[in-house]
>>> print(open('query_9.cif').read())   # mmCIF, C-alpha atoms
data_data
loop_
_atom_site.group_PDB
_atom_site.id
_atom_site.type_symbol
_atom_site.label_atom_id
_atom_site.label_comp_id
_atom_site.auth_asym_id
_atom_site.auth_seq_id
_atom_site.Cartn_x
_atom_site.Cartn_y
_atom_site.Cartn_z
ATOM 1 C CA MET A 1094 0.000 0.000 0.000
ATOM 2 C CA SER A 1095 1.277 3.492 -0.842
ATOM 3 C CA ASP A 1096 2.595 5.755 1.911
ATOM 4 C CA GLU A 1097 0.580 8.605 0.417
ATOM 5 C CA ALA A 1098 -2.027 9.755 2.950
ATOM 6 C CA PHE A 1099 -0.812 7.025 5.321
ATOM 7 C CA TRP A 1100 -2.536 8.781 8.248
ATOM 8 C CA LYS A 1101 -5.899 7.813 6.745
ATOM 9 C CA HIS A 1102 -5.237 4.074 6.989
ATOM 10 C CA VAL A 1103 -2.420 3.557 9.510
ATOM 11 C CA PRO A 1104 -3.504 3.829 13.167
ATOM 12 C CA LEU A 1105 -1.332 6.116 15.289
ATOM 13 C CA ALA A 1106 -0.155 3.159 17.369
ATOM 14 C CA GLN A 1107 1.093 1.346 14.244
ATOM 15 C CA MET A 1108 2.921 4.190 12.524
ATOM 16 C CA SER A 1109 6.592 3.893 11.785
ATOM 17 C CA GLU A 1110 8.898 6.407 13.432
ATOM 18 C CA ARG A 1111 9.217 8.253 10.110
ATOM 19 C CA GLN A 1112 5.438 8.449 9.703
ATOM 20 C CA TRP A 1113 4.949 9.553 13.326
ATOM 21 C CA GLU A 1114 7.596 12.276 13.073
ATOM 22 C CA SER A 1115 6.156 13.557 9.791
ATOM 23 C CA LEU A 1116 2.851 14.322 11.511
ATOM 24 C CA CYS A 1117 4.380 17.360 13.186
ATOM 25 C CA ASP A 1118 3.228 20.318 11.100
ATOM 26 C CA GLY A 1119 5.947 22.656 12.379
ATOM 27 C CA CYS A 1120 3.587 25.148 14.005
ATOM 28 C CA GLY A 1121 5.654 25.446 17.205
ATOM 29 C CA ARG A 1122 2.584 25.804 19.451
ATOM 30 C CA CYS A 1123 3.576 22.885 21.677
ATOM 31 C CA CYS A 1124 6.960 24.570 22.217
ATOM 32 C CA LEU A 1125 5.379 27.467 24.102
ATOM 33 C CA GLN A 1126 5.633 27.664 27.872
ATOM 34 C CA LYS A 1127 2.484 26.723 29.709
ATOM 35 C CA LEU A 1128 1.442 27.470 33.265
ATOM 36 C CA GLU A 1129 -0.695 25.182 35.392
ATOM 37 C CA ASP A 1130 -2.874 26.417 38.227
ATOM 38 C CA GLU A 1131 -1.954 24.309 41.258
ATOM 39 C CA ASP A 1132 -5.515 24.390 42.623
ATOM 40 C CA THR A 1133 -7.568 23.786 39.479
ATOM 41 C CA ALA A 1134 -4.996 22.086 37.198
ATOM 42 C CA GLU A 1135 -6.087 24.524 34.465
ATOM 43 C CA VAL A 1136 -3.340 25.022 31.889
ATOM 44 C CA VAL A 1137 -2.804 28.358 30.197
ATOM 45 C CA HIS A 1138 -0.444 29.170 27.351
ATOM 46 C CA THR A 1139 2.073 31.956 27.072
ATOM 47 C CA ASP A 1140 3.689 33.495 24.017
ATOM 48 C CA ILE A 1141 7.094 32.460 25.359
ATOM 49 C CA ALA A 1142 8.922 29.987 23.141
ATOM 50 C CA CYS A 1143 11.426 27.373 24.238
ATOM 51 C CA ARG A 1144 14.984 28.581 23.905
ATOM 52 C CA LEU A 1145 15.637 25.930 21.248
ATOM 53 C CA LEU A 1146 12.725 26.937 19.013
ATOM 54 C CA ASP A 1147 13.771 28.680 15.822
ATOM 55 C CA THR A 1148 10.978 31.255 15.750
ATOM 56 C CA GLN A 1149 11.305 31.723 11.977
ATOM 57 C CA SER A 1150 11.115 28.072 10.888
ATOM 58 C CA CYS A 1151 9.112 27.045 14.009
ATOM 59 C CA ARG A 1152 11.263 23.938 14.312
ATOM 60 C CA CYS A 1153 13.553 22.846 17.104
ATOM 61 C CA GLY A 1154 17.092 24.135 16.696
ATOM 62 C CA ASP A 1155 18.545 20.973 18.265
ATOM 63 C CA TYR A 1156 15.878 18.306 17.843
ATOM 64 C CA THR A 1157 18.245 15.369 18.338
ATOM 65 C CA ASN A 1158 19.548 16.646 21.693
ATOM 66 C CA ARG A 1159 16.440 18.486 22.912
ATOM 67 C CA PHE A 1160 15.728 16.255 25.930
ATOM 68 C CA GLY A 1161 19.257 16.644 27.241
ATOM 69 C CA ARG A 1162 19.240 20.405 26.762
ATOM 70 C CA VAL A 1163 15.642 21.033 27.850
ATOM 71 C CA PRO A 1164 14.638 18.371 30.398
ATOM 72 C CA GLU A 1165 11.022 19.561 30.443
ATOM 73 C CA CYS A 1166 10.716 19.146 26.661
ATOM 74 C CA LEU A 1167 7.642 17.159 25.716
ATOM 75 C CA HIS A 1168 8.070 13.759 24.143
ATOM 76 C CA MET A 1169 5.037 13.352 21.925
ATOM 77 C CA THR A 1170 3.538 9.932 22.546
ATOM 78 C CA LEU A 1171 0.268 8.273 21.732
ATOM 79 C CA ASN A 1172 -0.934 8.910 25.297
ATOM 80 C CA THR A 1173 -0.028 12.585 24.990
ATOM 81 C CA ALA A 1174 -1.953 12.826 21.728
ATOM 82 C CA ARG A 1175 -4.980 11.151 23.270
ATOM 83 C CA TYR A 1176 -5.103 12.765 26.697
ATOM 84 C CA ALA A 1177 -3.196 16.063 26.790
ATOM 85 C CA ASP A 1178 -6.066 18.496 26.453
ATOM 86 C CA TRP A 1179 -3.600 21.387 26.428
ATOM 87 C CA LEU A 1180 -2.369 20.328 22.995
ATOM 88 C CA PRO A 1181 -3.571 22.865 20.443
ATOM 89 C CA PRO A 1182 -6.735 21.788 18.616
ATOM 90 C CA SER A 1183 -4.767 22.239 15.390
ATOM 91 C CA CYS A 1184 -2.142 19.647 16.399
ATOM 92 C CA ALA A 1185 -2.035 16.762 13.924
ATOM 93 C CA TYR A 1186 -1.418 14.230 16.679
ATOM 94 C CA ARG A 1187 -4.444 15.456 18.593
ATOM 95 C CA ARG A 1188 -6.600 15.722 15.463
ATOM 96 C CA LEU A 1189 -5.877 12.132 14.445
ATOM 97 C CA ALA A 1190 -6.301 10.840 18.010
ATOM 98 C CA GLU A 1191 -9.745 12.500 18.029
ATOM 99 C CA GLY A 1192 -10.699 10.867 14.729
ATOM 100 C CA ARG A 1193 -10.335 14.037 12.655
ATOM 101 C CA ASP A 1194 -8.308 14.366 9.461
ATOM 102 C CA LEU A 1195 -5.304 16.582 8.908
ATOM 103 C CA ALA A 1196 -6.113 20.194 8.040
ATOM 104 C CA TRP A 1197 -5.715 21.578 4.517
ATOM 105 C CA TRP A 1198 -2.652 23.579 5.571
ATOM 106 C CA HIS A 1199 -0.750 20.590 6.997
ATOM 107 C CA PRO A 1200 2.427 20.013 4.944
ATOM 108 C CA LEU A 1201 1.489 16.354 4.341
ATOM 109 C CA VAL A 1202 -1.760 17.517 2.741
ATOM 110 C CA SER A 1203 -0.590 20.679 0.990
ATOM 111 C CA GLY A 1204 2.844 19.402 -0.001
ATOM 112 C CA ASP A 1205 4.310 22.713 1.175
ATOM 113 C CA PRO A 1206 5.829 23.296 4.642
ATOM 114 C CA GLU A 1207 5.036 27.022 4.330
ATOM 115 C CA THR A 1208 1.246 26.584 4.329
ATOM 116 C CA VAL A 1209 1.202 26.184 8.125
ATOM 117 C CA HIS A 1210 2.712 29.675 8.317
ATOM 118 C CA ARG A 1211 0.633 31.259 5.540
ATOM 119 C CA ALA A 1212 -2.538 29.934 7.174
ATOM 120 C CA GLY A 1213 -1.604 31.695 10.421
ATOM 121 C CA VAL A 1214 -1.366 28.470 12.401
ATOM 122 C CA SER A 1215 2.290 28.697 13.373
ATOM 123 C CA VAL A 1216 3.883 30.805 16.074
ATOM 124 C CA ARG A 1217 5.992 32.690 13.515
ATOM 125 C CA GLY A 1218 5.995 36.390 14.349
ATOM 126 C CA ARG A 1219 3.881 35.904 17.490
ATOM 127 C CA VAL A 1220 6.308 34.771 20.186
ATOM 128 C CA VAL A 1221 9.356 35.751 22.164
ATOM 129 C CA ASN A 1222 12.229 33.444 23.091
ATOM 130 C CA GLU A 1223 12.314 32.471 26.764
ATOM 131 C CA GLN A 1224 15.820 33.904 27.047
ATOM 132 C CA HIS A 1225 14.290 37.380 26.627
ATOM 133 C CA VAL A 1226 11.691 37.117 29.403
ATOM 134 C CA HIS A 1227 12.456 37.554 33.070
ATOM 135 C CA PRO A 1228 10.807 34.796 35.159
ATOM 136 C CA GLU A 1229 8.895 37.435 37.138
ATOM 137 C CA HIS A 1230 7.106 38.506 33.947
ATOM 138 C CA ILE A 1231 5.920 35.132 32.692
ATOM 139 C CA GLU A 1232 2.341 35.609 33.915
ATOM 140 C CA GLU A 1233 2.165 38.844 31.917
ATOM 141 C CA ARG A 1234 2.722 36.787 28.758
ATOM 142 C CA ILE A 1235 -0.422 34.609 29.045
ATOM 143 C CA VAL A 1236 -2.302 34.376 25.739
ATOM 144 C CA ASP A 1237 -5.271 32.341 24.562
ATOM 145 C CA TRP A 1238 -4.580 31.937 20.830
ATOM 146 C CA PRO A 1239 -2.443 28.745 21.095
ATOM 147 C CA ALA A 1240 -5.432 26.888 22.553
ATOM 148 C CA GLN A 1241 -7.836 28.182 19.890
ATOM 149 C CA PRO A 1242 -8.550 26.649 16.507
ATOM 150 C CA PRO A 1243 -6.673 28.640 13.835
ATOM 151 C CA ASP A 1244 -9.815 29.561 11.892
ATOM 152 C CA PRO A 1245 -13.561 28.872 11.890
ATOM 153 C CA ASP A 1246 -13.124 25.998 9.406
ATOM 154 C CA GLU A 1247 -10.999 24.104 11.941
ATOM 155 C CA ARG A 1248 -13.514 23.987 14.811
#
>>> encode(input="query_9.cif", output="structure tokens")
Amino acid sequence: MSDEAFWKHVPLAQMSERQWESLCDGCGRCCLQKLEDEDTAEVVHTDIACRLLDTQSCRCGDYTNRFGRVPECLHMTLNTARYADWLPPSCAYRRLAEGRDLAWWHPLVSGDPETVHRAGVSVRGRVVNEQHVHPEHIEERIVDWPAQPPDPDER
């Protein structure tokens, strides 16, 4: 069977590492710092990007070594895709885990890695690197757009 549109016929749990990795659309939303309320467990997003995120390409600047350099870096797993409700609704892993298809702007669908940026889904031009934010000012950087669908057609 062809690998074209593999996500339509290969369950997440049975994807090869190459297929799994290709699901990342390069939006960078999961690379934003999040804050969790200790009392309610509510998670809010900030517009503060991980120090390794290249804010132009919206890809990790050291993907291979990210866990060693950023211990709190998320390892995307099937359980994360299924149960992490803080994942953006646009996230391909979350979309597929919820039984939805990939969006039109996803590079696997469009054939162009720039569509995620042109569609306004990525963090390009909307974030600041964590190295430029004093820890005392993190709460001032709370935003709601990372947790929102990118456009009305994605709801």
>>> resolve_selection(input="query_9.cif", expression="the PyMOL selection byres ((chain A and resi 1234) around 6)", output="list in words")
Thr1139, Asp1140, Ile1231, Glu1232, Glu1233 and Ile1235 of chain A
>>> atom_distance(input="query_9.cif", atom1="atom CA of A:His1199", atom2="atom CA of A:Leu1128")
27.2 Å
>>> resolve_selection(input="query_9.cif", expression="the PyMOL selection byres ((chain A and resi 1152) around 10)", output="ChimeraX atom specification")
/A:1117-1121,1124,1145-1151,1153-1156
>>> axis_aligned_box(input="query_9.cif", around="stretch 1159-1166 of chain A", padding_each_side="3 Å", output="JSON")
{"center_x": 15.0, "center_y": 18.6, "center_z": 26.7, "size_x": 14.5, "size_y": 10.8, "size_z": 13.5}
>>> closest_residue(input="query_9.cif", among="A:Cys1143, A:Val1163, A:Val1209, A:Ala1185", to="A:Gln1224", atoms="all atoms listed in the file")
A:Cys1143
>>> closest_residue(input="query_9.cif", among="A:Pro1243, A:His1230, A:Arg1187, A:Ser1203", to="A:Asn1172", atoms="only C-alpha atoms")
A:Arg1187
>>> atom_distance(input="query_9.cif", atom1="atom CA of A:Pro1228", atom2="atom CA of A:Gln1126")
11.4 Å
>>> atom_distance(input="query_9.cif", atom1="atom CA of A:Ala1240", atom2="atom CA of A:Arg1122")
8.7 Å
>>> closest_residue(input="query_9.cif", among="A:Phe1099, A:Thr1173, A:Glu1131, A:Cys1166", to="A:Arg1144", atoms="only C-alpha atoms")
A:Cys1166
>>> residues_around(input="query_9.cif", residues="A:Glu1097", least_positions_apart="2", cutoff="12 Å", atoms="all atoms listed in the file", output="PDB file with C-alpha atoms, keeping the file's coordinate frame")
ATOM      1  CA  MET A1094       0.000   0.000   0.000  1.00  0.00           C
ATOM      2  CA  SER A1095       1.277   3.492  -0.842  1.00  0.00           C
ATOM      3  CA  PHE A1099      -0.812   7.025   5.321  1.00  0.00           C
ATOM      4  CA  TRP A1100      -2.536   8.781   8.248  1.00  0.00           C
ATOM      5  CA  LYS A1101      -5.899   7.813   6.745  1.00  0.00           C
ATOM      6  CA  HIS A1102      -5.237   4.074   6.989  1.00  0.00           C
ATOM      7  CA  VAL A1103      -2.420   3.557   9.510  1.00  0.00           C
ATOM      8  CA  GLN A1112       5.438   8.449   9.703  1.00  0.00           C
ATOM      9  CA  SER A1115       6.156  13.557   9.791  1.00  0.00           C
ATOM     10  CA  LEU A1201       1.489  16.354   4.341  1.00  0.00           C
ATOM     11  CA  VAL A1202      -1.760  17.517   2.741  1.00  0.00           C
ATOM     12  CA  GLY A1204       2.844  19.402  -0.001  1.00  0.00           C
TER      13      GLY A1204
END
>>> closest_residue(input="query_9.cif", among="A:Ala1098, A:Val1221, A:Leu1116, A:Val1236", to="A:Ile1141", atoms="all atoms listed in the file")
A:Val1221
>>> closest_residue(input="query_9.cif", among="A:Arg1162, A:His1225, A:His1138, A:Arg1188", to="A:Ala1174", atoms="only C-alpha atoms")
A:Arg1188
>>> closest_residue(input="query_9.cif", among="A:Val1137, A:Lys1127, A:Pro1182, A:Ser1109", to="A:Asp1237", atoms="all atoms listed in the file")
A:Val1137
>>> build_atoms(input="query_9.cif", residues="stretch 1165-1196 of chain A", atoms="N, CA and C atoms", output="compact mmCIF listing (two decimals), in the coordinates of the input")
# COMPACT_ATOMS: atom_id res chain seq x y z
N GLU A 1165 12.48 19.52 30.43
CA GLU A 1165 11.02 19.56 30.44
C GLU A 1165 10.40 19.47 29.04
N CYS A 1166 11.22 19.27 28.03
CA CYS A 1166 10.72 19.15 26.66
C CYS A 1166 9.76 17.96 26.57
N LEU A 1167 8.68 18.17 25.88
CA LEU A 1167 7.64 17.16 25.72
C LEU A 1167 8.07 16.09 24.72
N HIS A 1168 7.90 14.85 25.09
CA HIS A 1168 8.07 13.76 24.14
C HIS A 1168 6.66 13.37 23.68
N MET A 1169 6.37 13.63 22.44
CA MET A 1169 5.04 13.35 21.92
C MET A 1169 4.84 11.84 21.81
N THR A 1170 3.86 11.36 22.55
CA THR A 1170 3.54 9.93 22.55
C THR A 1170 2.07 9.77 22.19
N LEU A 1171 1.66 8.56 22.00
CA LEU A 1171 0.27 8.27 21.73
C LEU A 1171 -0.61 8.73 22.90
N ASN A 1172 -0.17 8.47 24.13
CA ASN A 1172 -0.93 8.91 25.30
C ASN A 1172 -1.04 10.43 25.36
N THR A 1173 0.03 11.12 25.02
CA THR A 1173 -0.03 12.58 24.99
C THR A 1173 -1.06 13.03 23.97
N ALA A 1174 -1.01 12.45 22.79
CA ALA A 1174 -1.95 12.83 21.73
C ALA A 1174 -3.40 12.58 22.16
N ARG A 1175 -3.61 11.51 22.87
CA ARG A 1175 -4.98 11.15 23.27
C ARG A 1175 -5.49 11.94 24.47
N TYR A 1176 -4.61 12.25 25.42
CA TYR A 1176 -5.10 12.76 26.70
C TYR A 1176 -4.62 14.15 27.10
N ALA A 1177 -3.69 14.73 26.41
CA ALA A 1177 -3.20 16.06 26.79
C ALA A 1177 -4.11 17.12 26.20
N ASP A 1178 -5.09 17.55 26.98
CA ASP A 1178 -6.07 18.50 26.45
C ASP A 1178 -5.48 19.89 26.25
N TRP A 1179 -4.25 20.11 26.67
CA TRP A 1179 -3.60 21.39 26.43
C TRP A 1179 -2.96 21.45 25.04
N LEU A 1180 -2.89 20.29 24.37
CA LEU A 1180 -2.37 20.33 23.00
C LEU A 1180 -3.29 21.21 22.15
N PRO A 1181 -2.73 22.01 21.27
CA PRO A 1181 -3.57 22.86 20.44
C PRO A 1181 -4.56 22.03 19.62
N PRO A 1182 -5.76 22.54 19.41
CA PRO A 1182 -6.74 21.79 18.62
C PRO A 1182 -6.27 21.59 17.17
N SER A 1183 -5.30 22.37 16.74
CA SER A 1183 -4.77 22.24 15.39
C SER A 1183 -3.71 21.15 15.27
N CYS A 1184 -3.22 20.63 16.39
CA CYS A 1184 -2.14 19.65 16.40
C CYS A 1184 -2.56 18.37 15.65
N ALA A 1185 -1.73 17.95 14.72
CA ALA A 1185 -2.04 16.76 13.92
C ALA A 1185 -2.18 15.52 14.79
N TYR A 1186 -1.33 15.39 15.79
CA TYR A 1186 -1.42 14.23 16.68
C TYR A 1186 -2.77 14.22 17.39
N ARG A 1187 -3.16 15.37 17.90
CA ARG A 1187 -4.44 15.46 18.59
C ARG A 1187 -5.60 15.24 17.63
N ARG A 1188 -5.52 15.86 16.45
CA ARG A 1188 -6.60 15.72 15.46
C ARG A 1188 -6.83 14.25 15.11
N LEU A 1189 -5.74 13.54 14.82
CA LEU A 1189 -5.88 12.13 14.44
C LEU A 1189 -6.35 11.29 15.63
N ALA A 1190 -5.87 11.59 16.82
CA ALA A 1190 -6.30 10.84 18.01
C ALA A 1190 -7.80 11.05 18.27
N GLU A 1191 -8.32 12.20 17.86
CA GLU A 1191 -9.74 12.50 18.03
C GLU A 1191 -10.59 12.03 16.86
N GLY A 1192 -9.96 11.38 15.88
CA GLY A 1192 -10.70 10.87 14.73
C GLY A 1192 -10.92 11.89 13.62
N ARG A 1193 -10.24 13.02 13.71
CA ARG A 1193 -10.34 14.04 12.66
C ARG A 1193 -9.21 13.84 11.66
N ASP A 1194 -9.34 14.44 10.50
CA ASP A 1194 -8.31 14.37 9.46
C ASP A 1194 -7.32 15.52 9.64
N LEU A 1195 -6.24 15.47 8.91
CA LEU A 1195 -5.30 16.58 8.91
C LEU A 1195 -5.95 17.78 8.21
N ALA A 1196 -5.58 18.96 8.63
CA ALA A 1196 -6.11 20.19 8.04
C ALA A 1196 -5.50 20.45 6.67
